[in-house]
$ cat protein_22.cif   # mmCIF, C-alpha atoms
data_entry
#
loop_
_atom_site.label_atom_id
_atom_site.label_comp_id
_atom_site.auth_asym_id
_atom_site.auth_seq_id
_atom_site.Cartn_x
_atom_site.Cartn_y
_atom_site.Cartn_z
CA MET A 1 0.00 0.00 0.00
CA LYS A 2 1.25 3.45 -0.88
CA THR A 3 0.79 6.37 1.42
CA LEU A 4 -0.57 9.76 0.46
CA ASN A 5 2.10 11.98 -0.97
CA ASN A 6 3.11 14.45 1.72
CA LYS A 7 3.34 17.23 -0.80
CA THR A 8 -0.34 16.77 -1.58
CA SER A 9 -2.54 18.66 0.79
CA ASN A 10 -5.12 16.34 2.28
CA GLU A 11 -7.74 19.06 2.72
CA LEU A 12 -9.51 21.25 0.25
CA THR A 13 -11.95 24.02 1.10
CA VAL A 14 -14.09 25.56 -1.63
CA LYS A 15 -17.17 27.75 -1.87
CA SER A 16 -20.49 26.04 -2.52
CA LYS A 17 -20.58 26.68 -6.27
CA THR A 18 -21.00 24.07 -8.98
CA GLU A 19 -18.04 25.56 -10.86
CA ASN A 20 -15.84 24.21 -8.05
CA LEU A 21 -16.84 20.59 -8.70
CA SER A 22 -13.97 20.23 -11.15
CA LEU A 23 -11.46 21.39 -8.50
CA ILE A 24 -12.88 18.87 -6.05
CA ARG A 25 -12.63 16.08 -8.64
CA GLU A 26 -8.98 16.91 -9.37
CA PHE A 27 -8.16 16.97 -5.67
CA VAL A 28 -9.82 13.59 -5.06
CA CYS A 29 -8.25 12.10 -8.20
CA ASP A 30 -4.74 12.99 -6.98
CA ALA A 31 -5.47 11.67 -3.49
CA ALA A 32 -7.01 8.40 -4.70
CA LYS A 33 -4.13 7.72 -7.07
CA GLY A 34 -1.69 8.66 -4.32
CA ALA A 35 -3.33 6.02 -2.16
CA GLY A 36 -2.63 3.43 -4.85
CA PHE A 37 -6.04 3.02 -6.46
CA ASP A 38 -6.17 2.14 -10.14
CA GLN A 39 -7.88 4.53 -12.55
CA LEU A 40 -11.16 2.58 -12.57
CA THR A 41 -11.51 2.71 -8.80
CA ALA A 42 -10.27 6.31 -8.61
CA ASP A 43 -13.02 7.22 -11.12
CA LYS A 44 -15.65 5.65 -8.86
CA ILE A 45 -14.43 7.60 -5.83
CA ILE A 46 -14.31 10.84 -7.85
CA LEU A 47 -17.91 10.39 -9.01
CA ALA A 48 -19.13 9.53 -5.50
CA VAL A 49 -17.50 12.69 -4.10
CA ASP A 50 -18.91 14.80 -6.95
CA GLU A 51 -22.40 13.46 -6.17
CA ALA A 52 -21.99 14.21 -2.45
CA CYS A 53 -20.81 17.77 -3.14
CA THR A 54 -23.53 18.37 -5.75
CA ASN A 55 -26.11 17.32 -3.15
CA ILE A 56 -24.56 19.74 -0.64
CA ILE A 57 -24.71 22.64 -3.12
CA LYS A 58 -28.29 21.83 -4.16
CA HIS A 59 -29.87 20.70 -0.90
CA ALA A 60 -27.77 21.87 2.06
CA TYR A 61 -26.98 25.32 0.62
CA LYS A 62 -29.85 25.50 -1.91
CA TYR A 63 -27.44 27.09 -4.41
CA TYR A 64 -26.31 29.78 -1.92
CA PRO A 65 -22.81 30.35 -3.36
CA ASP A 66 -20.90 31.55 -0.28
CA GLY A 67 -21.18 28.44 1.87
CA THR A 68 -18.09 26.34 2.40
CA ILE A 69 -17.40 22.74 1.52
CA LEU A 70 -14.45 21.08 3.22
CA VAL A 71 -13.14 17.88 1.63
CA LYS A 72 -10.73 15.90 3.82
CA VAL A 73 -8.91 12.80 2.68
CA LYS A 74 -7.25 10.29 4.96
CA ILE A 75 -6.18 6.69 5.16
CA SER A 76 -7.18 4.66 8.18
CA GLY A 77 -5.57 1.22 8.18
CA THR A 78 -6.41 -0.14 4.73
CA THR A 79 -9.36 2.17 4.14
CA PHE A 80 -9.35 5.36 2.09
CA ILE A 81 -11.75 7.87 3.63
CA VAL A 82 -13.16 11.08 2.20
CA GLU A 83 -14.98 13.30 4.69
CA ILE A 84 -17.04 16.17 3.37
CA VAL A 85 -18.23 18.84 5.78
CA ASP A 86 -20.70 21.65 5.13
CA HIS A 87 -22.60 24.15 7.26
CA GLY A 88 -25.84 24.18 5.33
CA ASN A 89 -29.25 22.77 6.12
CA ALA A 90 -29.27 19.41 7.87
CA PHE A 91 -29.74 16.44 5.60
CA LYS A 92 -32.03 13.49 6.31
CA PRO A 93 -30.52 10.63 4.31
CA ASN A 94 -33.29 8.21 5.31
CA SER A 95 -35.79 10.37 3.44
CA VAL A 96 -34.12 9.39 0.16
CA THR A 97 -35.18 5.98 -1.12
CA THR A 98 -33.44 3.79 -3.66
CA PRO A 99 -34.70 4.85 -7.07
CA ASP A 100 -36.73 2.67 -9.40
CA ILE A 101 -35.53 3.95 -12.75
CA GLU A 102 -38.76 3.26 -14.64
CA GLU A 103 -40.82 4.99 -11.95
CA TYR A 104 -38.41 7.91 -12.13
CA TYR A 105 -38.96 8.16 -15.84
CA LYS A 106 -42.74 8.13 -15.42
CA GLN A 107 -42.68 10.71 -12.65
CA HIS A 108 -40.02 12.99 -14.20
CA LYS A 109 -37.98 12.55 -11.05
CA ILE A 110 -34.27 13.17 -11.25
CA GLY A 111 -33.08 13.59 -7.67
CA GLY A 112 -31.95 10.65 -5.59
CA LEU A 113 -29.79 9.16 -8.33
CA GLY A 114 -26.67 10.73 -6.85
CA MET A 115 -27.15 9.16 -3.47
CA TYR A 116 -27.82 5.77 -5.04
CA LEU A 117 -24.59 6.12 -7.04
CA MET A 118 -22.60 7.05 -3.92
CA LYS A 119 -23.79 3.95 -2.08
CA THR A 120 -23.11 1.74 -5.09
CA LEU A 121 -19.66 3.12 -5.90
CA MET A 122 -18.27 3.22 -2.35
CA ASP A 123 -17.94 0.50 0.29
CA ASP A 124 -19.58 2.63 2.96
CA VAL A 125 -21.41 5.97 3.16
CA LYS A 126 -22.24 7.53 6.52
CA TYR A 127 -24.01 10.77 7.34
CA ASN A 128 -23.72 12.76 10.52
CA SER A 129 -25.71 15.97 10.90
CA ILE A 130 -25.59 18.28 13.90
CA PRO A 131 -28.43 20.69 13.01
CA GLY A 132 -27.29 24.30 13.09
CA LYS A 133 -23.63 23.26 13.20
CA TYR A 134 -22.49 20.98 10.42
CA ASN A 135 -23.25 18.03 8.19
CA LYS A 136 -20.61 15.42 7.55
CA VAL A 137 -20.60 12.73 4.86
CA LYS A 138 -17.99 10.01 5.23
CA LEU A 139 -17.23 7.95 2.12
CA SER A 140 -15.01 4.88 2.53
CA LYS A 141 -13.28 2.56 0.09
CA LYS A 142 -11.02 -0.36 0.94
CA ILE A 143 -7.54 -0.21 -0.52
CA ILE A 144 -6.78 -3.56 -2.09
CA SER A 145 -3.05 -4.14 -2.38
CA ALA A 146 -1.82 -4.93 -5.89
CA ALA A 147 0.49 -7.57 -4.42
CA MET B 1 -12.27 24.66 -14.39
CA SER B 2 -13.56 21.78 -16.47
CA GLU B 3 -15.00 22.42 -19.87
CA PHE B 4 -18.02 21.04 -21.58
CA THR B 5 -19.24 21.87 -25.06
CA THR B 6 -21.78 20.52 -27.49
CA SER B 7 -21.98 20.79 -31.26
CA THR B 8 -25.02 19.83 -33.30
CA LYS B 9 -25.20 18.72 -36.91
CA GLN B 10 -27.99 17.44 -39.17
CA LEU B 11 -27.54 14.06 -40.85
CA ASP B 12 -30.28 12.41 -42.95
CA GLY B 13 -33.07 14.22 -41.12
CA VAL B 14 -31.63 13.40 -37.70
CA SER B 15 -29.99 15.87 -35.28
CA VAL B 16 -26.66 14.64 -33.88
CA ILE B 17 -25.37 16.30 -30.70
CA ASN B 18 -21.68 15.70 -29.97
CA LEU B 19 -20.70 16.00 -26.32
CA LYS B 20 -17.18 17.00 -25.36
CA GLY B 21 -15.57 17.25 -21.94
CA PHE B 22 -17.03 17.02 -18.46
CA LEU B 23 -20.80 16.89 -17.91
CA ASP B 24 -21.67 17.70 -14.29
CA ALA B 25 -24.04 19.88 -12.24
CA HIS B 26 -22.18 22.97 -13.48
CA THR B 27 -22.21 22.17 -17.18
CA ALA B 28 -25.58 20.35 -17.44
CA GLN B 29 -27.24 23.61 -18.52
CA VAL B 30 -25.15 23.59 -21.72
CA LEU B 31 -26.73 20.28 -22.73
CA GLU B 32 -30.17 21.51 -21.64
CA ALA B 33 -29.76 24.46 -23.98
CA ALA B 34 -28.84 22.13 -26.87
CA PHE B 35 -31.96 19.98 -26.32
CA THR B 36 -34.19 23.04 -25.86
CA SER B 37 -32.95 24.55 -29.09
CA LEU B 38 -33.72 21.37 -31.07
CA ILE B 39 -37.16 20.99 -29.48
CA ASN B 40 -37.99 24.64 -30.26
CA ASP B 41 -37.08 23.92 -33.88
CA GLY B 42 -39.39 20.90 -33.91
CA LYS B 43 -36.48 18.49 -34.22
CA PHE B 44 -37.28 15.41 -32.16
CA ASN B 45 -35.11 12.72 -33.76
CA ILE B 46 -31.90 13.10 -31.80
CA VAL B 47 -28.69 11.09 -31.62
CA VAL B 48 -26.22 11.95 -28.85
CA ASN B 49 -22.61 11.04 -29.55
CA PHE B 50 -20.56 10.36 -26.40
CA LYS B 51 -17.21 9.77 -28.13
CA ASP B 52 -15.52 12.87 -26.66
CA LEU B 53 -17.30 12.85 -23.30
CA ALA B 54 -14.74 12.35 -20.54
CA TYR B 55 -17.08 12.39 -17.55
CA ILE B 56 -20.73 12.31 -16.53
CA SER B 57 -22.41 12.64 -13.13
CA SER B 58 -26.07 12.14 -12.22
CA ALA B 59 -26.73 15.82 -12.98
CA GLY B 60 -25.79 15.07 -16.59
CA LEU B 61 -27.88 11.91 -16.65
CA GLY B 62 -30.78 13.95 -15.30
CA VAL B 63 -30.80 16.08 -18.46
CA PHE B 64 -31.69 13.01 -20.54
CA MET B 65 -34.45 12.16 -18.09
CA ALA B 66 -35.82 15.70 -18.21
CA TYR B 67 -36.30 15.79 -21.99
CA ILE B 68 -37.06 12.24 -23.06
CA GLU B 69 -40.80 12.22 -22.39
CA ASN B 70 -41.49 15.43 -24.31
CA ILE B 71 -39.40 14.13 -27.21
CA ARG B 72 -41.16 10.74 -27.31
CA ASP B 73 -44.58 12.43 -27.02
CA ASN B 74 -43.63 14.13 -30.28
CA ASN B 75 -42.80 10.80 -31.96
CA GLY B 76 -39.10 11.38 -31.54
CA ASP B 77 -36.38 9.72 -29.52
CA ILE B 78 -32.94 10.24 -28.02
CA LYS B 79 -30.56 7.49 -29.10
CA LEU B 80 -27.08 7.24 -27.63
CA VAL B 81 -23.90 6.29 -29.51
CA GLU B 82 -20.15 5.71 -29.07
CA MET B 83 -20.30 5.54 -25.29
CA ASN B 84 -17.00 4.57 -23.67
CA GLU B 85 -16.95 1.86 -21.02
CA LYS B 86 -16.62 4.27 -18.09
CA VAL B 87 -19.67 6.31 -19.10
CA PHE B 88 -21.65 3.19 -20.06
CA ASN B 89 -21.01 1.69 -16.62
CA ILE B 90 -22.63 4.70 -14.95
CA PHE B 91 -25.64 4.53 -17.29
CA ASP B 92 -25.86 0.80 -16.61
CA LEU B 93 -25.73 1.20 -12.81
CA LEU B 94 -28.83 3.38 -13.03
CA GLY B 95 -30.69 1.09 -15.42
CA PHE B 96 -30.60 3.58 -18.30
CA PRO B 97 -30.11 0.89 -20.99
CA LEU B 98 -33.75 -0.07 -20.26
CA LEU B 99 -34.88 3.40 -21.25
CA TYR B 100 -32.53 4.39 -24.07
CA GLN B 101 -31.29 2.59 -27.15
CA ILE B 102 -27.50 2.58 -27.31
CA PHE B 103 -25.66 2.03 -30.62
CA ASN B 104 -22.02 1.60 -31.57
CA ASN B 105 -22.06 4.43 -34.11
CA GLU B 106 -24.11 7.32 -35.54
CA GLU B 107 -24.91 5.43 -38.76
CA ASP B 108 -26.68 2.59 -36.93
CA ALA B 109 -28.74 5.00 -34.81
CA ILE B 110 -29.72 7.09 -37.84
CA LYS B 111 -30.64 3.93 -39.74
CA LYS B 112 -32.95 2.95 -36.88
CA PHE B 113 -34.72 6.33 -37.06
CA ASN B 114 -35.14 6.03 -40.82
CA GLU B 115 -36.41 2.44 -40.58
CA ALA B 116 -39.04 3.64 -38.10
CA LYS B 117 -40.04 6.42 -40.51
CA GLN B 118 -40.34 3.98 -43.42
CA SER B 119 -42.53 1.59 -41.47
CA GLU B 120 -44.78 4.52 -40.44
CA ASN B 121 -45.10 5.54 -44.09
CA ALA B 122 -45.92 1.98 -45.11
CA GLU B 123 -48.82 1.80 -42.65
#
$ encode --input "protein_22.cif" --output "structure tokens"
Amino acid sequence: MKTLNNKTSNELTVKSKTENLSLIREFVCDAAKGAGFDQLTADKIILAVDEACTNIIKHAYKYYPDGTILVKVKISGTTFIVEIVDHGNAFKPNSVTTPDIEEYYKQHKIGGLGMYLMKTLMDDVKYNSIPGKYNKVKLSKKIISAA
Amino acid sequence: MSEFTTSTKQLDGVSVINLKGFLDAHTAQVLEAAFTSLINDGKFNIVVNFKDLAYISSAGLGVFMAYIENIRDNNGDIKLVEMNEKVFNIFDLLGFPLLYQIFNNEEDAIKKFNEAKQSENAE
């Protein structure tokens, strides 16, 4: 297992604007590759983090552009962890159900796909909201040694 | 900042939208504008070419969901072509191949539109 490159900062703070999604993706891409993930797995982590941050911009901040999103990357044992913290509205993850794609089509529903993707692409997704203080999403992926 | 652009051409009575770059919650509006423009022109037979698309998130997938019903209500369709494995896998995870026809190339998708037109004329 490789360790994160020390020269790479393991935190990124950006404003809650969709134009910053590309910065977040680049940051996570570097971190995931630094942790030894292959491109395929790094792509999954990048998409999961994009979905989490898009949800924060849309639902926690409701497109208010001056909120902050903190993305923290760490390795705990053999697990790569991305923690995303915001100070927007509290999120109730249990209110989002797994989508039935044909029902979505019939009902013109679009939301909820991102959360389904996050759960599918990562090994574990945990939410922790302290209303009025912060929301934290923790995305985990096991690092499988190439050896 | 990531870039996303579309370009649209007309081929045998079918509109072909080429996607290039990164399609996410920031750039989805560019694709929305491309679909809106075609719909306003009464062009409902649409092929979307994914050859130069590097990335798609659910916000990009949502654009297809938002327009498909209106397009099919007008006897049109959105057919998808030249999708790379990475993008296809995301579509597949969400069950999109049930809802959209995916072809290897523009020619096959255009042929399908024209076959449908011929069978309508024959009826």
$ closest_atom_pairs --input "protein_22.cif" --of "chain B" --to "chain A" --cutoff "9 Å" --atoms "only C-alpha atoms" --output "CSV"
residue,atom,partner,partner_atom,distance
B:Met1,CA,A:Ser22,CA,5.7
B:Ser2,CA,A:Ser22,CA,5.6
B:Phe22,CA,A:Ser22,CA,8.6
B:Asp24,CA,A:Leu21,CA,7.9
B:Ala25,CA,A:Thr18,CA,6.1
B:His26,CA,A:Thr18,CA,4.8
B:Thr27,CA,A:Glu19,CA,8.3
B:Tyr55,CA,A:Leu47,CA,8.8
B:Ile56,CA,A:Leu47,CA,8.3
B:Ser57,CA,A:Leu47,CA,6.5
B:Ser58,CA,A:Gly114,CA,5.6
B:Ala59,CA,A:Gly114,CA,8.0
B:Leu61,CA,A:Ile110,CA,8.5
B:Gly62,CA,A:Ile110,CA,5.4
B:Val63,CA,A:Ile110,CA,8.5
B:Met65,CA,A:Tyr105,CA,6.4
B:Ala66,CA,A:His108,CA,6.4
B:Ile68,CA,A:Tyr105,CA,8.5
B:Glu69,CA,A:Tyr105,CA,7.9
B:Lys86,CA,A:Leu40,CA,7.9
B:Ile90,CA,A:Leu117,CA,8.3
B:Leu93,CA,A:Leu117,CA,7.7
B:Leu94,CA,A:Ile101,CA,6.7
B:Gly95,CA,A:Ile101,CA,6.2
B:Phe96,CA,A:Ile101,CA,7.4
B:Leu98,CA,A:Glu102,CA,8.2
B:Leu99,CA,A:Glu102,CA,7.7
$ resolve_selection --input "protein_22.cif" --expression "the PyMOL selection byres ((chain B and resi 81-85) around 8)" --output "PDB file with C-alpha atoms, in the coordinates of the input"
ATOM      1  CA  VAL B  47     -28.690  11.090 -31.620  1.00  0.00           C
ATOM      2  CA  VAL B  48     -26.220  11.950 -28.850  1.00  0.00           C
ATOM      3  CA  ASN B  49     -22.610  11.040 -29.550  1.00  0.00           C
ATOM      4  CA  PHE B  50     -20.560  10.360 -26.400  1.00  0.00           C
ATOM      5  CA  LYS B  51     -17.210   9.770 -28.130  1.00  0.00           C
ATOM      6  CA  LYS B  79     -30.560   7.490 -29.100  1.00  0.00           C
ATOM      7  CA  LEU B  80     -27.080   7.240 -27.630  1.00  0.00           C
ATOM      8  CA  LYS B  86     -16.620   4.270 -18.090  1.00  0.00           C
ATOM      9  CA  VAL B  87     -19.670   6.310 -19.100  1.00  0.00           C
ATOM     10  CA  PHE B  88     -21.650   3.190 -20.060  1.00  0.00           C
ATOM     11  CA  ASN B  89     -21.010   1.690 -16.620  1.00  0.00           C
ATOM     12  CA  ILE B 102     -27.500   2.580 -27.310  1.00  0.00           C
ATOM     13  CA  PHE B 103     -25.660   2.030 -30.620  1.00  0.00           C
ATOM     14  CA  ASN B 104     -22.020   1.600 -31.570  1.00  0.00           C
ATOM     15  CA  ASN B 105     -22.060   4.430 -34.110  1.00  0.00           C
ATOM     16  CA  GLU B 106     -24.110   7.320 -35.540  1.00  0.00           C
ATOM     17  CA  ALA B 109     -28.740   5.000 -34.810  1.00  0.00           C
TER      18      ALA B 109
END
$ closest_residue --input "protein_22.cif" --among "A:Phe37, A:Tyr63, A:Phe80, A:Phe27" --to "A:Lys141" --atoms "all atoms listed in the file"
A:Phe80
$ residues_around --input "protein_22.cif" --residues "B:Asp12" --least-positions-apart "3" --cutoff "12 Å" --atoms "all atoms listed in the file" --output "ChimeraX atom specification"
/B:9,15-16,45-47,106-107,109-115,117
$ resolve_selection --input "protein_22.cif" --expression "the PyMOL selection byres ((chain B and resi 44) around 7)" --output "ChimeraX atom specification"
/B:39,42-43,45-46,71,74,76-77
$ atom_distance --input "protein_22.cif" --atom1 "atom CA of A:Tyr64" --atom2 "atom CA of B:Leu31"
22.9 Å
$ closest_residue --input "protein_22.cif" --among "A:Thr79, A:Asn89, A:Thr68, A:Asn128" --to "A:Ala32" --atoms "only C-alpha atoms"
A:Thr79
$ resolve_selection --input "protein_22.cif" --expression "the PyMOL selection byres ((chain A and resi 69) around 8)" --output "number ranges by chain"
A: 13-16, 53, 67-68, 70-71, 84-87
$ residues_around --input "protein_22.cif" --residues "A:Ser129" --least-positions-apart "6" --cutoff "7 Å" --atoms "only C-alpha atoms" --output "PDB file with C-alpha atoms, in the frame of the given file"
ATOM      1  CA  ALA A  90     -29.270  19.410   7.870  1.00  0.00           C
ATOM      2  CA  PHE A  91     -29.740  16.440   5.600  1.00  0.00           C
ATOM      3  CA  ASN A 135     -23.250  18.030   8.190  1.00  0.00           C
ATOM      4  CA  LYS A 136     -20.610  15.420   7.550  1.00  0.00           C
TER       5      LYS A 136
END
$ atom_distance --input "protein_22.cif" --atom1 "atom CA of B:Phe4" --atom2 "atom CA of B:Leu19"
7.4 Å
$ atom_distance --input "protein_22.cif" --atom1 "atom CA of B:Thr6" --atom2 "atom CA of B:Lys20"
6.2 Å
$ closest_residue --input "protein_22.cif" --among "A:His59, A:Lys142, A:Lys72, A:Lys33" --to "A:Lys92" --atoms "all atoms listed in the file"
A:His59
